[in-house]
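Listing of coords_16.tsv, TSV, C-alpha atoms
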chain	number	residue	atom	x	y	z
A	101	MET	CA	-192.82	-0.24	-7.00
A	102	ASP	CA	-190.15	-1.89	-4.89
A	103	THR	CA	-186.69	-1.24	-6.32
A	104	ILE	CA	-185.13	-4.26	-4.58
A	105	ARG	CA	-186.84	-7.31	-3.09
A	106	LEU	CA	-184.89	-10.05	-1.32
A	107	GLU	CA	-186.60	-13.34	-0.56
A	108	ASN	CA	-185.06	-15.79	1.93
A	109	LEU	CA	-181.58	-14.83	0.74
A	110	GLY	CA	-178.50	-16.74	1.86
A	111	PHE	CA	-174.86	-16.96	0.83
A	112	ASN	CA	-172.12	-19.49	1.58
A	113	TYR	CA	-168.54	-19.08	0.32
A	114	GLY	CA	-167.96	-22.79	0.94
A	115	ASP	CA	-166.70	-22.64	4.51
A	116	GLY	CA	-169.91	-21.58	6.22
A	117	TRP	CA	-172.93	-19.36	5.82
A	118	ILE	CA	-172.36	-15.60	5.74
A	119	PHE	CA	-176.08	-15.09	6.32
A	120	ARG	CA	-179.36	-16.91	5.68
A	121	HIS	CA	-183.12	-16.23	5.57
A	122	LEU	CA	-182.68	-12.55	4.67
A	123	SER	CA	-185.88	-10.99	3.33
A	124	LEU	CA	-186.65	-7.29	2.81
A	125	THR	CA	-187.83	-4.73	0.26
A	126	VAL	CA	-186.32	-1.35	-0.61
A	127	PRO	CA	-188.91	1.04	-2.11
A	128	ALA	CA	-188.14	3.54	-4.84
A	129	GLY	CA	-186.71	6.78	-3.45
A	130	ASP	CA	-185.23	5.24	-0.30
A	131	PHE	CA	-181.74	5.97	1.03
A	132	ALA	CA	-180.74	2.81	2.90
A	133	ALA	CA	-177.53	2.33	4.87
A	134	VAL	CA	-176.27	-1.25	5.27
A	135	ILE	CA	-174.46	-1.38	8.60
A	136	GLY	CA	-172.84	-4.07	10.72
A	137	ALA	CA	-169.51	-5.50	11.86
A	138	ASN	CA	-166.80	-6.66	9.49
A	139	GLY	CA	-167.51	-10.09	8.01
A	140	VAL	CA	-171.29	-10.15	8.35
A	141	GLY	CA	-171.92	-9.90	4.60
A	142	LYS	CA	-172.57	-6.23	3.83
A	143	SER	CA	-170.48	-6.15	0.63
A	144	THR	CA	-171.66	-9.65	-0.27
A	145	LEU	CA	-175.26	-8.44	-0.10
A	146	LEU	CA	-174.54	-5.54	-2.45
A	147	ARG	CA	-172.71	-7.80	-4.91
A	148	MET	CA	-175.67	-10.15	-5.08
A	149	VAL	CA	-178.01	-7.25	-5.86
A	150	ALA	CA	-175.59	-6.17	-8.63
A	151	ARG	CA	-175.42	-9.80	-9.86
A	152	ILE	CA	-171.68	-10.03	-9.30
A	153	LEU	CA	-172.37	-12.96	-6.96
A	154	ALA	CA	-175.18	-15.50	-7.25
A	155	PRO	CA	-177.14	-16.34	-4.09
A	156	THR	CA	-176.56	-19.75	-2.55
A	157	GLU	CA	-180.24	-19.78	-1.68
A	158	GLY	CA	-183.17	-17.43	-2.10
A	159	LYS	CA	-183.83	-14.80	-4.75
A	160	VAL	CA	-183.03	-11.18	-5.59
A	161	PHE	CA	-185.56	-9.12	-7.57
A	162	LEU	CA	-184.89	-5.76	-9.28
A	163	TYR	CA	-188.00	-3.82	-10.25
A	164	GLY	CA	-190.06	-6.98	-9.98
A	165	THR	CA	-187.76	-9.12	-12.16
A	166	GLU	CA	-185.61	-11.93	-10.75
A	167	VAL	CA	-182.02	-10.72	-11.09
A	168	SER	CA	-180.85	-13.59	-13.32
A	169	HIS	CA	-183.44	-12.46	-15.89
A	170	PHE	CA	-182.95	-8.72	-15.41
A	171	ARG	CA	-181.57	-6.97	-18.49
A	172	ASP	CA	-182.10	-3.24	-17.95
A	173	TRP	CA	-178.76	-2.63	-16.20
A	174	GLY	CA	-178.70	1.02	-17.23
A	175	ARG	CA	-181.16	1.57	-14.39
A	176	LEU	CA	-178.47	0.61	-11.87
A	177	GLY	CA	-175.13	2.19	-10.95
A	178	TYR	CA	-172.59	0.39	-8.75
A	179	VAL	CA	-169.45	1.68	-7.01
A	180	PRO	CA	-167.36	-1.11	-5.44
A	181	GLN	CA	-165.24	-0.73	-2.34
A	182	ASN	CA	-162.11	1.38	-2.99
A	183	PRO	CA	-162.27	1.17	-6.81
A	184	ALA	CA	-159.22	3.45	-7.24
A	185	ARG	CA	-156.92	0.63	-6.11
A	186	ARG	CA	-157.37	-0.95	-9.52
A	187	GLN	CA	-156.44	2.25	-11.34
A	188	ARG	CA	-153.25	3.32	-9.52
A	189	SER	CA	-150.89	1.58	-11.90
A	190	PHE	CA	-153.12	1.95	-14.96
A	191	PRO	CA	-152.73	5.26	-16.86
A	192	ILE	CA	-156.41	6.12	-17.25
A	193	SER	CA	-157.78	9.64	-17.09
A	194	VAL	CA	-160.80	10.98	-15.26
A	195	GLU	CA	-162.68	11.44	-18.54
A	196	GLU	CA	-161.88	7.89	-19.65
A	197	VAL	CA	-163.19	6.43	-16.38
A	198	VAL	CA	-166.48	8.27	-16.80
A	199	GLN	CA	-166.67	7.18	-20.45
A	200	LEU	CA	-166.35	3.55	-19.36
A	201	GLY	CA	-169.61	3.96	-17.50
A	202	ARG	CA	-171.42	4.33	-20.82
A	203	TRP	CA	-170.41	0.77	-21.70
A	204	ASP	CA	-171.78	-0.65	-18.44
A	205	GLY	CA	-174.72	-2.86	-19.34
A	206	ARG	CA	-174.24	-2.24	-23.07
A	207	GLY	CA	-171.32	-4.53	-23.88
A	208	LEU	CA	-167.93	-3.99	-25.48
A	209	PHE	CA	-169.39	-3.55	-28.96
A	210	HIS	CA	-171.45	-0.50	-28.05
A	211	ARG	CA	-170.58	2.33	-30.44
A	212	PHE	CA	-169.68	5.57	-28.64
A	213	ASP	CA	-171.82	8.30	-30.22
A	214	ARG	CA	-172.84	11.91	-29.76
A	215	GLN	CA	-175.38	11.02	-27.09
A	216	ASP	CA	-172.63	9.27	-25.11
A	217	ARG	CA	-170.30	12.27	-25.46
A	218	GLU	CA	-173.03	14.63	-24.29
A	219	ALA	CA	-173.80	12.41	-21.28
A	220	VAL	CA	-170.11	12.29	-20.30
A	221	GLU	CA	-169.74	16.06	-20.65
A	222	ALA	CA	-172.85	16.73	-18.57
A	223	THR	CA	-171.70	14.30	-15.87
A	224	LEU	CA	-168.20	15.83	-15.68
A	225	ALA	CA	-169.86	19.22	-15.17
A	226	ARG	CA	-172.35	17.91	-12.60
A	227	PHE	CA	-169.62	16.40	-10.44
A	228	GLU	CA	-167.23	19.36	-10.91
A	229	LEU	CA	-164.66	17.25	-12.75
A	230	ARG	CA	-164.17	19.19	-15.99
A	231	ASP	CA	-160.93	20.79	-14.77
A	232	LEU	CA	-159.64	17.32	-13.84
A	233	ARG	CA	-160.75	15.50	-17.00
A	234	HIS	CA	-157.21	14.86	-18.29
A	235	ARG	CA	-155.66	14.00	-14.91
A	236	LYS	CA	-154.80	10.40	-14.15
A	237	VAL	CA	-157.07	8.90	-11.52
A	238	GLY	CA	-154.13	7.66	-9.44
A	239	GLU	CA	-152.88	11.25	-9.06
A	240	LEU	CA	-156.07	12.47	-7.39
A	241	SER	CA	-156.96	12.81	-3.73
A	242	GLY	CA	-159.28	10.25	-2.14
A	243	GLY	CA	-162.23	12.62	-2.25
A	244	GLN	CA	-161.64	13.44	-5.91
A	245	GLN	CA	-161.36	9.75	-6.78
A	246	GLN	CA	-164.68	9.03	-5.09
A	247	ARG	CA	-166.33	11.77	-7.16
A	248	VAL	CA	-164.87	10.23	-10.34
A	249	PHE	CA	-166.27	6.77	-9.62
A	250	LEU	CA	-169.59	8.17	-8.49
A	251	ALA	CA	-169.68	10.07	-11.80
A	252	ARG	CA	-168.96	6.85	-13.68
A	253	ALA	CA	-171.87	5.17	-11.87
A	254	MET	CA	-174.19	8.11	-12.62
A	255	VAL	CA	-173.29	8.79	-16.28
A	256	ASN	CA	-176.25	6.66	-17.45
A	257	ASP	CA	-178.57	8.51	-15.05
A	258	PRO	CA	-179.56	5.29	-13.21
A	259	GLU	CA	-182.54	5.06	-10.90
A	260	LEU	CA	-180.72	2.88	-8.33
A	261	LEU	CA	-177.24	3.50	-6.92
A	262	LEU	CA	-175.31	0.83	-4.98
A	263	LEU	CA	-172.29	2.09	-3.01
A	264	ASP	CA	-169.84	-0.05	-1.04
A	265	GLU	CA	-168.24	2.09	1.68
A	266	PRO	CA	-167.87	5.18	-0.54
A	267	ALA	CA	-166.33	7.33	2.22
A	268	THR	CA	-163.40	5.01	3.01
A	269	GLY	CA	-160.02	6.78	2.97
A	270	ILE	CA	-161.24	10.35	2.54
A	271	ASP	CA	-160.95	13.26	4.97
A	272	ALA	CA	-163.81	14.78	6.98
A	273	ASP	CA	-164.52	17.64	4.56
A	274	ALA	CA	-164.57	15.34	1.53
A	275	LYS	CA	-166.78	12.91	3.42
A	276	GLU	CA	-169.27	15.65	4.28
A	277	ALA	CA	-169.31	16.81	0.64
A	278	LEU	CA	-169.86	13.23	-0.56
A	279	TYR	CA	-172.82	12.65	1.74
A	280	ARG	CA	-174.37	15.98	0.76
A	281	MET	CA	-174.02	14.97	-2.88
A	282	LEU	CA	-175.71	11.63	-2.18
A	283	ALA	CA	-178.51	13.37	-0.28
A	284	ASP	CA	-179.01	15.67	-3.27
A	285	LEU	CA	-179.21	12.69	-5.64
A	286	ASN	CA	-181.70	11.03	-3.32
A	287	GLY	CA	-183.72	14.25	-3.22
A	288	ARG	CA	-183.87	14.09	-7.03
A	289	GLY	CA	-185.54	10.69	-6.80
A	290	LYS	CA	-182.57	8.31	-6.92
A	291	THR	CA	-182.74	5.20	-4.75
A	292	ILE	CA	-179.50	4.64	-2.82
A	293	VAL	CA	-178.28	1.56	-0.96
A	294	MET	CA	-174.95	2.19	0.73
A	295	VAL	CA	-172.64	0.07	2.88
A	296	SER	CA	-171.27	2.34	5.61
A	297	HIS	CA	-169.23	2.17	8.82
A	298	ASP	CA	-169.82	5.87	9.48
A	299	LEU	CA	-172.89	5.72	11.69
A	300	GLU	CA	-172.93	9.44	12.44
A	301	MET	CA	-173.07	10.40	8.76
A	302	ALA	CA	-175.50	7.60	7.98
A	303	ALA	CA	-177.83	8.81	10.72
A	304	ARG	CA	-177.75	12.36	9.33
A	305	TYR	CA	-178.40	11.53	5.69
A	306	ALA	CA	-179.89	8.04	5.24
A	307	LYS	CA	-183.54	7.16	5.81
A	308	THR	CA	-183.42	3.42	6.43
A	309	ALA	CA	-181.06	1.05	8.24
A	310	ILE	CA	-180.35	-2.49	7.08
A	311	CYS	CA	-178.50	-3.91	10.09
A	312	LEU	CA	-176.64	-7.21	9.78
A	313	ASP	CA	-175.00	-9.29	12.46
A	314	ASP	CA	-173.64	-12.84	12.65
A	315	GLY	CA	-177.19	-14.19	12.51
A	316	GLY	CA	-178.20	-12.24	9.41
A	317	LEU	CA	-180.71	-9.40	9.41
A	318	CYS	CA	-181.11	-7.98	12.93
A	319	PHE	CA	-182.99	-4.77	12.10
A	320	PHE	CA	-184.67	-3.19	9.08
A	321	GLY	CA	-186.47	0.12	9.38
A	322	PRO	CA	-186.02	3.86	10.04
A	323	ILE	CA	-182.35	4.55	10.66
A	324	ARG	CA	-182.69	6.35	13.98
A	325	GLU	CA	-184.72	3.45	15.34
A	326	GLY	CA	-182.02	1.13	14.04
A	327	LEU	CA	-179.26	3.00	15.85
A	328	HIS	CA	-181.34	3.01	19.04
A	329	HIS	CA	-181.83	-0.74	18.58
A	330	ARG	CA	-178.06	-1.13	18.17
A	331	HIS	CA	-177.32	0.74	21.41
A	332	LYS	CA	-179.96	-1.20	23.30
A	333	HIS	CA	-178.64	-4.59	22.22
A	334	GLY	CA	-174.94	-3.72	22.09
A	335	TYR	CA	-174.21	-4.90	18.56
A	336	PHE	CA	-170.68	-4.88	17.16
A	337	PHE	CA	-170.08	-2.48	14.28
A	338	GLY	CA	-166.89	-1.67	12.43
A	339	GLY	CA	-164.93	-4.29	14.37
A	340	SER	CA	-165.48	-2.75	17.82
A	341	ARG	CA	-168.28	-2.83	20.34
A	342	MET	CA	-170.52	0.21	20.22
A	343	GLY	CA	-173.37	1.05	22.52
Could you rewrite the structure in this file as structure tokens?
Amino acid sequence: MDTIRLENLGFNYGDGWIFRHLSLTVPAGDFAAVIGANGVGKSTLLRMVARILAPTEGKVFLYGTEVSHFRDWGRLGYVPQNPARRQRSFPISVEEVVQLGRWDGRGLFHRFDRQDREAVEATLARFELRDLRHRKVGELSGGQQQRVFLARAMVNDPELLLLDEPATGIDADAKEALYRMLADLNGRGKTIVMVSHDLEMAARYAKTAICLDDGGLCFFGPIREGLHHRHKHGYFFGGSRMG
């Protein structure tokens, strides 16, 4: 089954179209990197899949259900761009951030029970965060923060993981560790769609490229073919000309 299906998707913030006529499918088990220059709609695309934004035109389907009717949000984990910015002045611990993930898709009146506590404990162990559980998120390094928010997204054991530039602001070693962790999750059957400016890492670990430019979708297919396509046509990525 296709995890994500986009049909003739378009979005307009009110001052012009970000993209239009975008159609593609992401199969279960894929690891897709969304790449392109700043301002072409990469984050906007992810937010529409997560139903944070509604399409101006076209439709988004998750597991065969149009997103406005989709209810099984525990199947999806989402990490926004630089989520730690919101936590720097808020005294919340690593364990509390991961616990918040158990409420995602359940509502504020969900009662935290033994199953929730066991899921949080297992996730802290899986992401090597038990020794940091009582530390405030704002005190952590960039790489540690990314692990915390990835743990929050994974605490419900979702099938689909949406990541918006997860490697931003972390050093080379932490970046390598993050991508290895994502590759391991993908190897365990998780579907990953990730916005990335790091083409070298994306080429090493992702399977599929979703390339956007000012006209919308310019390439969709195997990532190495996508990067060859980029070099051939001289697309702009990350704000500078590459190729």
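The smallest atom-to-atom distance between Ala154 of chain A and any of A:Leu109, A:Met254, A:Cys311, A:Leu317, using all atoms listed in the file, is found for A:Leu109.
For the pair atom CA of Val179 of chain A and atom CA of Glu107 of chain A, the separation is 23.7 Å.
Closest to Gly174 of chain A among A:Ala309, A:Ala222, A:Leu260, A:Met294 is A:Leu260, based on only C-alpha atoms.
The closest residue to Gly158 of chain A, picked from A:Phe111, A:Asp130, A:Arg202, A:Ala225 and counting all atoms listed in the file, is A:Phe111.
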Closest to Asp264 of chain A among A:Val126, A:Leu240, A:Ile135, A:Ala306, using all atoms listed in the file? A:Ile135
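Near Val149 of chain A, within 8 Å and counting all atoms listed in the file, sit Ile104, Val160, Phe161, Leu162 and Val167 of chain A, not including residues fewer than 6 positions from it in the same chain.
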Two-atom distance - atom CA of Ser143 of chain A, atom CA of Arg120 of chain A (Å): 14.8 Å
If I put a ball of radius 7 Å at (-173.3, 5.0, -16.7) in the file's coordinates, which residues poke into it when counting all atoms listed in the file, written as a ChimeraX atom specification? /A:174,177,201-202,204,252-257
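Taking atom CA of Arg211 of chain A and atom CA of Asp172 of chain A as endpoints, the distance between them is 17.9 Å.
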Contacts of Gly326 of chain A within 10 Å, all atoms listed in the file, excl. fewer than 6 positions in-chain, as a compact mmCIF listing (two decimals) with C-alpha atoms, in the frame of the given file:
# COMPACT_ATOMS: atom_id res chain seq x y z
CA ILE A 135 -174.46 -1.38 8.60
CA ALA A 303 -177.83 8.81 10.72
CA THR A 308 -183.42 3.42 6.43
CA ALA A 309 -181.06 1.05 8.24
CA ILE A 310 -180.35 -2.49 7.08
CA CYS A 311 -178.50 -3.91 10.09
CA CYS A 318 -181.11 -7.98 12.93
CA PHE A 319 -182.99 -4.77 12.10
CA PHE A 320 -184.67 -3.19 9.08
CA LYS A 332 -179.96 -1.20 23.30
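Closest to Val237 of chain A among A:Asp273, A:Gly321, A:Gly316, A:Ile192 is A:Ile192, based on only C-alpha atoms.
Considering the residues A:Leu145, A:Ile118, A:Ala137, A:Ala272 and counting all atoms listed in the file, Leu106 of chain A has its shortest atom-to-atom contact with A:Leu145.
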